[in-house]
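**Student:** Below is coords34.csv; it holds CSV, C-alpha atoms and all ligand atoms.
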chain,number,residue,atom,x,y,z
A,1,MET,CA,0.0,0.0,0.0
A,2,THR,CA,1.3,3.5,-0.9
A,3,LYS,CA,2.3,5.3,2.2
A,4,VAL,CA,2.3,9.1,2.5
A,5,LEU,CA,4.3,10.6,5.4
A,6,ILE,CA,3.3,14.0,6.6
A,7,ALA,CA,6.4,15.2,8.6
A,8,THR,CA,6.0,18.6,10.1
A,9,GLU,CA,8.1,19.8,13.0
A,10,LYS,CA,5.7,22.8,12.9
A,11,PRO,CA,2.3,21.1,12.5
A,12,PHE,CA,-0.5,22.1,10.1
A,13,ALA,CA,-3.9,23.1,11.5
A,14,PRO,CA,-6.0,20.0,12.4
A,15,ALA,CA,-8.5,20.9,9.7
A,16,ALA,CA,-5.7,20.8,7.1
A,17,VAL,CA,-4.5,17.4,8.3
A,18,ALA,CA,-8.0,16.0,8.2
A,19,GLN,CA,-8.5,17.0,4.6
A,20,MET,CA,-5.1,15.8,3.6
A,21,SER,CA,-5.8,12.4,5.2
A,22,LYS,CA,-9.2,12.2,3.4
A,23,ILE,CA,-7.6,12.8,0.0
A,24,CYS,CA,-5.0,10.1,0.7
A,25,GLU,CA,-7.7,7.6,2.0
A,26,ASP,CA,-9.8,8.3,-1.1
A,27,ALA,CA,-6.8,7.4,-3.2
A,28,GLY,CA,-6.3,4.2,-1.3
A,29,TYR,CA,-3.1,5.5,0.4
A,30,GLN,CA,-2.1,5.1,4.0
A,31,VAL,CA,-1.1,8.2,6.0
A,32,GLN,CA,1.4,8.6,8.7
A,33,LEU,CA,1.6,11.8,10.7
A,34,LEU,CA,4.9,12.8,12.3
A,35,GLU,CA,4.4,16.1,14.1
A,36,LYS,CA,6.5,18.3,16.5
A,37,TYR,CA,9.4,15.8,16.3
A,38,THR,CA,12.5,17.1,17.9
A,39,GLU,CA,15.0,14.4,16.8
A,40,LYS,CA,16.0,13.8,13.2
A,41,GLU,CA,16.1,10.1,14.1
A,42,ALA,CA,12.3,10.1,14.2
A,43,LEU,CA,12.1,11.4,10.6
A,44,LEU,CA,14.7,8.9,9.4
A,45,GLU,CA,12.7,6.1,10.9
A,46,ALA,CA,9.3,7.2,9.7
A,47,VAL,CA,10.4,7.9,6.1
A,48,GLY,CA,11.9,4.4,5.8
A,49,ASP,CA,8.9,2.8,4.0
A,50,ALA,CA,7.2,6.0,2.8
A,51,HIS,CA,6.5,6.4,-1.0
A,52,ALA,CA,5.7,10.1,-0.7
A,53,LEU,CA,6.7,12.7,1.8
A,54,ILE,CA,5.1,16.1,2.7
A,55,VAL,CA,7.1,18.6,4.6
A,56,ARG,CA,7.2,22.3,5.5
A,57,SER,CA,10.6,23.8,6.5
A,58,ASP,CA,11.7,20.4,7.6
A,59,LYS,CA,15.2,19.5,6.4
A,60,VAL,CA,15.2,16.9,3.7
A,61,ASP,CA,18.9,16.3,3.2
A,62,GLN,CA,20.9,13.3,1.8
A,63,GLN,CA,20.5,11.3,4.9
A,64,VAL,CA,16.7,11.6,4.8
A,65,LEU,CA,16.6,10.9,1.1
A,66,GLU,CA,18.8,7.8,1.7
A,67,ALA,CA,16.6,6.6,4.5
A,68,GLY,CA,13.5,6.9,2.3
A,69,ARG,CA,14.2,3.7,0.4
A,70,GLU,CA,10.8,3.8,-1.3
A,71,LEU,CA,10.5,7.5,-1.9
A,72,LYS,CA,9.2,8.6,-5.2
A,73,ILE,CA,8.2,12.2,-4.4
A,74,VAL,CA,8.8,14.9,-1.8
A,75,VAL,CA,6.4,17.8,-1.7
A,76,ARG,CA,7.4,20.9,0.2
A,77,ALA,CA,4.0,22.3,1.2
A,78,GLY,CA,5.0,25.9,0.7
A,79,ALA,CA,7.1,28.1,-1.5
A,80,GLY,CA,10.8,28.0,-0.5
A,81,TYR,CA,12.4,24.6,-1.1
A,82,ASP,CA,15.9,25.5,0.2
A,83,ASN,CA,15.4,22.9,2.9
A,84,VAL,CA,15.3,20.1,0.4
A,85,ASP,CA,18.5,18.7,-1.3
A,86,THR,CA,16.9,18.9,-4.8
A,87,ALA,CA,20.0,17.9,-6.6
A,88,TYR,CA,20.5,14.7,-4.6
A,89,ALA,CA,16.9,13.9,-4.9
A,90,LYS,CA,17.2,14.2,-8.7
A,91,GLU,CA,20.2,11.8,-8.6
A,92,LYS,CA,18.1,9.3,-6.8
A,93,GLY,CA,15.1,9.8,-9.2
A,94,ILE,CA,12.9,11.4,-6.6
A,95,CYS,CA,10.6,14.1,-7.8
A,96,VAL,CA,10.6,17.3,-5.6
A,97,MET,CA,7.7,19.8,-5.8
A,98,ASN,CA,6.6,22.9,-4.0
A,99,THR,CA,3.1,24.4,-3.9
A,100,PRO,CA,3.7,27.9,-5.2
A,101,GLY,CA,1.2,30.6,-4.2
A,102,GLN,CA,-0.7,28.5,-1.7
A,103,ASN,CA,0.4,30.2,1.4
A,104,SER,CA,1.4,33.6,0.0
A,105,ASN,CA,-1.4,35.7,1.3
A,106,ALA,CA,-0.6,34.7,4.9
A,107,VAL,CA,3.1,35.7,4.5
A,108,ALA,CA,2.0,38.9,2.8
A,109,GLU,CA,-0.3,39.8,5.6
A,110,LEU,CA,2.5,39.2,8.1
A,111,ALA,CA,4.9,41.5,6.0
A,112,ILE,CA,2.4,44.3,6.2
A,113,GLY,CA,1.7,43.6,9.9
A,114,LEU,CA,5.5,43.8,10.6
A,115,ALA,CA,5.7,47.1,8.7
A,116,ILE,CA,2.9,48.6,10.7
A,117,PHE,CA,4.4,47.4,13.9
A,118,ALA,CA,7.8,48.9,13.1
A,119,ILE,CA,6.5,52.2,11.8
A,120,ARG,CA,4.3,52.6,14.9
A,121,ASN,CA,7.5,52.2,17.0
A,122,PHE,CA,6.5,48.7,18.1
A,123,PHE,CA,3.4,50.0,19.8
A,124,ASN,CA,5.4,51.6,22.5
A,125,GLY,CA,3.2,54.6,22.9
A,126,THR,CA,5.5,57.2,21.2
A,127,SER,CA,4.3,59.0,18.1
A,128,GLY,CA,5.0,56.8,15.0
A,129,GLY,CA,4.1,57.0,11.4
A,130,GLU,CA,1.6,55.7,8.9
A,131,LEU,CA,2.0,53.6,5.8
A,132,ARG,CA,-0.5,55.7,3.7
A,133,GLY,CA,1.4,58.0,1.3
A,134,ARG,CA,4.8,56.2,1.9
A,135,VAL,CA,6.7,54.3,-0.7
A,136,LEU,CA,6.9,50.5,-0.4
A,137,GLY,CA,9.8,48.8,-2.3
A,138,LEU,CA,9.3,45.2,-3.1
A,139,HIS,CA,12.5,43.3,-3.5
A,140,GLY,CA,11.4,40.5,-5.8
A,141,TYR,CA,7.9,40.0,-7.3
A,142,GLY,CA,6.8,36.4,-6.7
A,143,TYR,CA,3.4,35.3,-5.2
A,144,VAL,CA,4.0,36.9,-1.8
A,145,ALA,CA,5.1,40.2,-3.1
A,146,ARG,CA,2.1,40.3,-5.4
A,147,ASN,CA,-0.2,39.9,-2.4
A,148,VAL,CA,1.8,42.6,-0.5
A,149,HIS,CA,1.3,44.9,-3.5
A,150,ARG,CA,-2.5,44.3,-3.4
A,151,ILE,CA,-2.7,45.0,0.3
A,152,ALA,CA,-0.4,48.0,0.2
A,153,ARG,CA,-2.4,49.6,-2.6
A,154,GLY,CA,-5.5,49.5,-0.4
A,155,LEU,CA,-3.5,51.2,2.4
A,156,GLY,CA,-2.7,54.1,0.0
A,157,MET,CA,1.0,53.3,-0.4
A,158,THR,CA,3.0,53.9,-3.6
A,159,VAL,CA,4.5,50.6,-4.6
A,160,LYS,CA,7.7,50.1,-6.6
A,161,VAL,CA,9.5,46.9,-7.3
A,162,TYR,CA,12.9,45.5,-8.4
A,163,THR,CA,12.6,42.2,-10.2
A,164,ARG,CA,14.6,40.5,-12.9
A,165,TYR,CA,12.2,37.6,-13.6
A,166,SER,CA,8.7,39.1,-13.2
A,167,LYS,CA,9.1,42.5,-15.0
A,168,ALA,CA,6.3,41.8,-17.4
A,169,GLN,CA,3.9,40.8,-14.6
A,170,ALA,CA,4.8,43.9,-12.5
A,171,THR,CA,4.5,46.3,-15.4
A,172,SER,CA,1.1,44.7,-16.4
A,173,GLU,CA,-0.1,45.5,-12.9
A,174,GLY,CA,0.9,49.1,-13.3
A,175,LEU,CA,4.0,48.9,-11.1
A,176,GLU,CA,7.1,50.9,-11.6
A,177,VAL,CA,10.1,48.6,-11.9
A,178,THR,CA,13.3,50.3,-10.8
A,179,ASN,CA,16.5,49.9,-12.8
A,180,SER,CA,18.5,48.5,-9.9
A,181,LEU,CA,18.1,47.1,-6.4
A,182,GLU,CA,20.1,50.1,-5.2
A,183,GLU,CA,17.5,52.4,-6.7
A,184,LEU,CA,14.7,50.5,-5.1
A,185,TYR,CA,16.3,50.8,-1.7
A,186,ALA,CA,17.0,54.5,-2.2
A,187,VAL,CA,13.4,55.5,-3.0
A,188,SER,CA,11.5,53.3,-0.5
A,189,ASP,CA,10.3,54.1,3.0
A,190,VAL,CA,9.6,50.5,3.6
A,191,VAL,CA,11.5,47.7,1.8
A,192,SER,CA,10.0,44.2,1.9
A,193,ILE,CA,12.2,41.3,0.8
A,194,HIS,CA,10.6,38.6,-1.3
A,195,VAL,CA,13.3,36.6,-3.0
A,196,PRO,CA,14.2,32.9,-2.5
A,197,ALA,CA,17.4,31.6,-0.8
A,198,ARG,CA,19.0,30.6,-4.1
A,199,GLY,CA,21.7,31.7,-6.4
A,200,GLU,CA,22.3,35.5,-6.8
A,201,HIS,CA,19.8,36.2,-4.0
A,202,ILE,CA,22.0,34.8,-1.3
A,203,LYS,CA,23.4,37.7,0.8
A,204,SER,CA,21.9,40.1,-1.8
A,205,VAL,CA,20.9,42.5,1.0
A,206,SER,CA,24.4,43.7,1.5
A,207,MET,CA,26.0,47.0,2.6
A,208,ASP,CA,26.2,48.0,-1.1
A,209,VAL,CA,22.5,48.0,-1.2
A,210,LEU,CA,21.6,48.9,2.4
A,211,LYS,CA,23.7,52.1,2.3
A,212,HIS,CA,21.1,53.6,-0.1
A,213,LEU,CA,18.2,53.3,2.3
A,214,LYS,CA,16.3,56.5,3.1
A,215,LYS,CA,16.4,58.1,6.6
A,216,GLY,CA,14.1,56.2,8.9
A,217,ALA,CA,13.5,53.3,6.6
A,218,VAL,CA,12.1,50.0,7.7
A,219,LEU,CA,13.4,46.7,6.3
A,220,VAL,CA,11.0,43.8,6.4
A,221,ASN,CA,12.2,40.2,5.9
A,222,THR,CA,9.6,37.5,5.6
A,223,ALA,CA,11.8,35.6,3.1
A,224,ARG,CA,14.9,33.8,4.5
A,225,LYS,CA,17.8,34.9,6.7
A,226,GLU,CA,20.2,33.6,4.0
A,227,VAL,CA,19.3,36.5,1.6
A,228,VAL,CA,20.7,39.0,4.0
A,229,ASN,CA,24.4,39.6,4.6
A,230,GLU,CA,23.9,39.6,8.4
A,231,GLU,CA,27.3,40.9,9.3
A,232,GLU,CA,26.9,43.9,6.9
A,233,LEU,CA,23.4,44.5,8.2
A,234,CYS,CA,24.7,44.8,11.7
A,235,GLN,CA,27.5,47.0,10.6
A,236,PHE,CA,24.9,49.2,8.8
A,237,MET,CA,22.6,49.3,11.8
A,238,THR,CA,25.5,50.5,13.9
A,239,GLU,CA,26.2,53.3,11.5
A,240,ARG,CA,22.6,54.2,10.9
A,241,ALA,CA,20.6,54.5,14.2
A,242,ASP,CA,17.5,55.5,12.2
A,243,ILE,CA,17.0,52.1,10.5
A,244,LYS,CA,14.6,49.4,11.8
A,245,TYR,CA,14.7,45.7,10.9
A,246,VAL,CA,11.8,43.4,11.4
A,247,SER,CA,11.9,39.8,10.4
A,248,ASP,CA,10.0,36.5,10.5
A,249,ILE,CA,13.4,34.8,10.8
A,250,ALA,CA,15.7,35.6,13.6
A,251,PRO,CA,19.2,36.2,12.3
A,252,ASP,CA,22.2,34.2,13.5
A,253,CYS,CA,23.5,37.4,15.1
A,254,THR,CA,20.3,37.9,17.3
A,255,ASP,CA,22.5,38.4,20.4
A,256,ARG,CA,24.1,41.4,18.7
A,257,PHE,CA,20.7,42.9,18.0
A,258,LYS,CA,19.7,42.4,21.7
A,259,GLN,CA,22.9,44.1,22.8
A,260,GLU,CA,23.2,47.0,20.3
A,261,PHE,CA,19.9,47.7,18.6
A,262,GLU,CA,17.2,47.6,21.3
A,263,GLY,CA,14.0,49.3,20.2
A,264,ARG,CA,14.9,49.0,16.5
A,265,TYR,CA,14.1,45.4,15.6
A,266,TYR,CA,11.6,42.6,16.1
A,267,PHE,CA,11.9,38.9,15.3
A,268,THR,CA,8.9,36.5,15.5
A,269,PRO,CA,9.7,33.8,18.1
A,270,LYS,CA,9.3,31.1,15.4
A,271,LYS,CA,8.8,31.4,11.6
A,272,ILE,CA,5.1,32.1,11.5
A,273,GLY,CA,4.5,33.7,8.1
A,274,ALA,CA,2.5,30.8,6.7
A,275,GLN,CA,1.1,29.7,10.1
A,276,THR,CA,-2.6,30.3,9.4
A,277,ALA,CA,-5.5,27.8,9.1
A,278,GLU,CA,-6.1,29.1,5.5
A,279,ALA,CA,-2.5,28.8,4.4
A,280,ASN,CA,-2.1,25.3,6.0
A,281,LEU,CA,-5.3,24.1,4.3
A,282,ASN,CA,-4.3,25.6,0.9
A,283,ALA,CA,-0.7,24.3,0.9
A,284,GLY,CA,-1.4,21.0,2.6
A,285,VAL,CA,-4.3,20.1,0.3
A,286,ALA,CA,-2.3,21.2,-2.8
A,287,ALA,CA,0.7,19.1,-1.7
A,288,THR,CA,-1.5,16.0,-1.2
A,289,GLU,CA,-3.4,16.5,-4.5
A,290,GLN,CA,0.0,16.9,-6.3
A,291,ILE,CA,1.1,13.6,-4.8
A,292,VAL,CA,-2.0,11.8,-6.0
A,293,GLY,CA,-1.7,13.5,-9.5
A,294,PHE,CA,2.0,12.4,-9.7
A,295,LEU,CA,1.6,8.9,-8.5
A,296,GLU,CA,-1.6,8.2,-10.4
A,297,LYS,CA,-1.1,10.2,-13.6
A,298,GLY,CA,2.6,11.2,-13.7
A,299,ASP,CA,1.6,14.9,-13.4
A,300,ALA,CA,4.9,16.7,-12.5
A,301,THR,CA,3.6,20.2,-13.0
A,302,PHE,CA,5.2,21.7,-9.9
A,303,GLN,CA,8.4,19.7,-10.0
A,304,VAL,CA,11.4,21.9,-9.1
A,305,ASN,CA,14.2,19.4,-9.8
A,306,SER,CA,13.6,18.2,-13.3
A,401,LIG,C1,7.4,29.1,2.5
A,401,LIG,O1,8.5,29.0,2.0
A,401,LIG,O2,6.4,28.6,2.0
A,401,LIG,C2,7.2,29.9,3.8
A,401,LIG,O3,8.4,30.4,4.3
A,401,LIG,C3,6.5,29.1,4.9
A,401,LIG,O4,7.3,28.1,5.5
A,401,LIG,P1,6.7,27.2,6.6
A,401,LIG,O5,5.9,26.1,5.9
A,401,LIG,O6,7.9,26.6,7.3
A,401,LIG,O7,5.9,28.0,7.6
Represent the structure of the file as structure tokens.
Ligand code: 3PG
**Tutor:**
Amino acid sequence: MTKVLIATEKPFAPAAVAQMSKICEDAGYQVQLLEKYTEKEALLEAVGDAHALIVRSDKVDQQVLEAGRELKIVVRAGAGYDNVDTAYAKEKGICVMNTPGQNSNAVAELAIGLAIFAIRNFFNGTSGGELRGRVLGLHGYGYVARNVHRIARGLGMTVKVYTRYSKAQATSEGLEVTNSLEELYAVSDVVSIHVPARGEHIKSVSMDVLKHLKKGAVLVNTARKEVVNEEELCQFMTERADIKYVSDIAPDCTDRFKQEFEGRYYFTPKKIGAQTAEANLNAGVAATEQIVGFLEKGDATFQVNS
């Protein structure tokens, strides 16, 4: 019997799990749920006889792919698949997919929430600012950024974007695309980062770019910590006491923030961008349906390692 393992260190909402299980049962598959595991050993053991694996940010490295002797497909229920060793999976003939767009509104709402929190001085009672009339710079224009754009327009912000791959999409939505990342950072009151932890995006938020930020700017990161050059960010925040950094991913240098940048930063206690019932349901159900489509009909539409 085909076995689907749902392995989530950070569990989906129960309603999502129920619907995912129903889809599997209807397809004649067996479901195993591994939630809130703290030891990698638990995942290695559970994946042993699984034919399909659904994960979130759970690390699927060579060891996990080796342990999954029967694995045919791994679906990252979400957007960023930097947690999966896609190249090794390809070597082993294992299809890796993500579920693009399914949790993007949740992340976008968090990005806007963090921007408001920062511009209101973290609700500390002092006089803050408003987003209306300010310029929002979108660093990247994937599904999350497009949702942030939609919400920001409603708030009365002017939205600009720097993107290499989605220029046509941005222009068709009436957005001004800046000529460079430096230009985007220079014209924005709030910059929201929306690029994946891959290739040229790694450490792309560096001093060269940061130094162009306007006075009093807010930098919002709901993407990945790897896209920020953290050492240079700290250096920059030391030089520029007017800058605030809010993130859904605590940086490796959190201690330095605590010691030196009190009142100018906020990090969520755990990555929570996609942690809503709606996003869990959308991404979880999409992941399960993609597995059934792949195993039953060979549909590899969302494969990221072909
Ligand atoms: C994603 O890449 O989809 C988001 O960062 C959400 O990640 P999560 O599933 O670990 O919450």
**Student:** Counting only C-alpha atoms, find residues at most 10 Å from (2.4, 7.0, 3.0) (file frame) and give them as a VMD selection string.
**Tutor:** chain A and resid 1 to 6 24 29 to 33 46 to 47 49 to 54 70 to 71
**Student:** I need the residues from that last selection saved to file as a short mmCIF file (atom, residue, chain, number, x, y, z; two decimals), keeping the file's coordinate frame (with C-alpha atoms), if you can.
**Tutor:**
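As a result, part_38.cif now contains:
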data_model
loop_
_atom_site.label_atom_id
_atom_site.label_comp_id
_atom_site.auth_asym_id
_atom_site.auth_seq_id
_atom_site.Cartn_x
_atom_site.Cartn_y
_atom_site.Cartn_z
CA MET A 1 0.00 0.00 0.00
CA THR A 2 1.30 3.50 -0.90
CA LYS A 3 2.30 5.30 2.20
CA VAL A 4 2.30 9.10 2.50
CA LEU A 5 4.30 10.60 5.40
CA ILE A 6 3.30 14.00 6.60
CA CYS A 24 -5.00 10.10 0.70
CA TYR A 29 -3.10 5.50 0.40
CA GLN A 30 -2.10 5.10 4.00
CA VAL A 31 -1.10 8.20 6.00
CA GLN A 32 1.40 8.60 8.70
CA LEU A 33 1.60 11.80 10.70
CA ALA A 46 9.30 7.20 9.70
CA VAL A 47 10.40 7.90 6.10
CA ASP A 49 8.90 2.80 4.00
CA ALA A 50 7.20 6.00 2.80
CA HIS A 51 6.50 6.40 -1.00
CA ALA A 52 5.70 10.10 -0.70
CA LEU A 53 6.70 12.70 1.80
CA ILE A 54 5.10 16.10 2.70
CA GLU A 70 10.80 3.80 -1.30
CA LEU A 71 10.50 7.50 -1.90
#
**Student:** Atom CA of Val74 of chain A to atom CA of Ala16 of chain A: how many Å, to one decimal?
**Tutor:**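 A separation of 18.0 Å between them.
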**Student:** Can you list, as a PyMOL selection string, every protein, DNA or RNA residue that comes within 12 Å of Ala274 of chain A when you count all atoms listed in the file, leaving out same-chain residues fewer than 2 positions away?
**Tutor:** chain A and resi 10-13+56-57+77-80+101-111+144+222-223+248+270-272+276-284
**Student:** Please, what distance in Å, to one decimal, runs between atom CA of Arg164 of chain A and atom CA of Leu138 of chain A?
**Tutor:**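 Pair atom CA of Arg164 of chain A / atom CA of Leu138 of chain A returns 12.1 Å.
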**Student:** Between atom CA of Lys297 of chain A and atom CA of Ile94 of chain A, what is the distance, to one decimal in Å?
**Tutor:**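 Atom CA of Ile94 of chain A lies at a distance of 15.7 Å from atom CA of Lys297 of chain A.
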**Student:** Between A:His139, A:Ala197, A:Ile112, A:Thr158, which one has atoms that come closest to ligand LIG 401 (chain A), using all atoms listed in the file?
**Tutor:**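 The answer is A:Ala197, which sits nearest to ligand LIG 401 (chain A).
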**Student:** Counting all atoms listed in the file, figure out which residue out of A:Glu41, A:Glu296, A:Glu173, A:Glu9 gets nearest to ligand LIG 401 (chain A).
**Tutor:** A:Glu9
**Student:** Between A:Ala87, A:Ala217, A:Met97, A:Ile23, which is the closest to ligand LIG 401 (chain A) once you count all atoms listed in the file?
**Tutor:**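 Using all atoms listed in the file, the shortest distance to ligand LIG 401 (chain A) belongs to A:Met97.
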**Student:** Quick one: residues within 12 Å of Gln63 of chain A, all atoms listed in the file counted, chain neighbours fewer than 3 positions away excluded, as JSON, numbers by chain?
**Tutor:** {"A": [40, 41, 43, 44, 45, 47, 48, 59, 60, 66, 67, 68, 69, 84, 85, 88, 89]}
**Student:** Go ahead and write the residues just picked, C-alpha atoms, as a PDB file, in the coordinates of the input.
**Tutor:**
ATOM      1  CA  LYS A  40      16.000  13.800  13.200  1.00  0.00           C
ATOM      2  CA  GLU A  41      16.100  10.100  14.100  1.00  0.00           C
ATOM      3  CA  LEU A  43      12.100  11.400  10.600  1.00  0.00           C
ATOM      4  CA  LEU A  44      14.700   8.900   9.400  1.00  0.00           C
ATOM      5  CA  GLU A  45      12.700   6.100  10.900  1.00  0.00           C
ATOM      6  CA  VAL A  47      10.400   7.900   6.100  1.00  0.00           C
ATOM      7  CA  GLY A  48      11.900   4.400   5.800  1.00  0.00           C
ATOM      8  CA  LYS A  59      15.200  19.500   6.400  1.00  0.00           C
ATOM      9  CA  VAL A  60      15.200  16.900   3.700  1.00  0.00           C
ATOM     10  CA  GLU A  66      18.800   7.800   1.700  1.00  0.00           C
ATOM     11  CA  ALA A  67      16.600   6.600   4.500  1.00  0.00           C
ATOM     12  CA  GLY A  68      13.500   6.900   2.300  1.00  0.00           C
ATOM     13  CA  ARG A  69      14.200   3.700   0.400  1.00  0.00           C
ATOM     14  CA  VAL A  84      15.300  20.100   0.400  1.00  0.00           C
ATOM     15  CA  ASP A  85      18.500  18.700  -1.300  1.00  0.00           C
ATOM     16  CA  TYR A  88      20.500  14.700  -4.600  1.00  0.00           C
ATOM     17  CA  ALA A  89      16.900  13.900  -4.900  1.00  0.00           C
TER      18      ALA A  89
END
**Student:** I'd like the neighbourhood of Met207 of chain A as a VMD selection string, where a residue qualifies if any of its atoms comes within 9 Å (using all atoms listed in the file), though same-chain residues fewer than 4 positions away should be ignored.
**Tutor:** chain A and resid 211 to 212 229 232 to 233 235 to 236
**Student:** Got time to write the residues from that selection, C-alpha atoms, as a PDB file, keeping the file's coordinate frame?
**Tutor:**
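Output below, filename result37.pdb:
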ATOM      1  CA  LYS A 211      23.700  52.100   2.300  1.00  0.00           C
ATOM      2  CA  HIS A 212      21.100  53.600  -0.100  1.00  0.00           C
ATOM      3  CA  ASN A 229      24.400  39.600   4.600  1.00  0.00           C
ATOM      4  CA  GLU A 232      26.900  43.900   6.900  1.00  0.00           C
ATOM      5  CA  LEU A 233      23.400  44.500   8.200  1.00  0.00           C
ATOM      6  CA  GLN A 235      27.500  47.000  10.600  1.00  0.00           C
ATOM      7  CA  PHE A 236      24.900  49.200   8.800  1.00  0.00           C
TER       8      PHE A 236
END
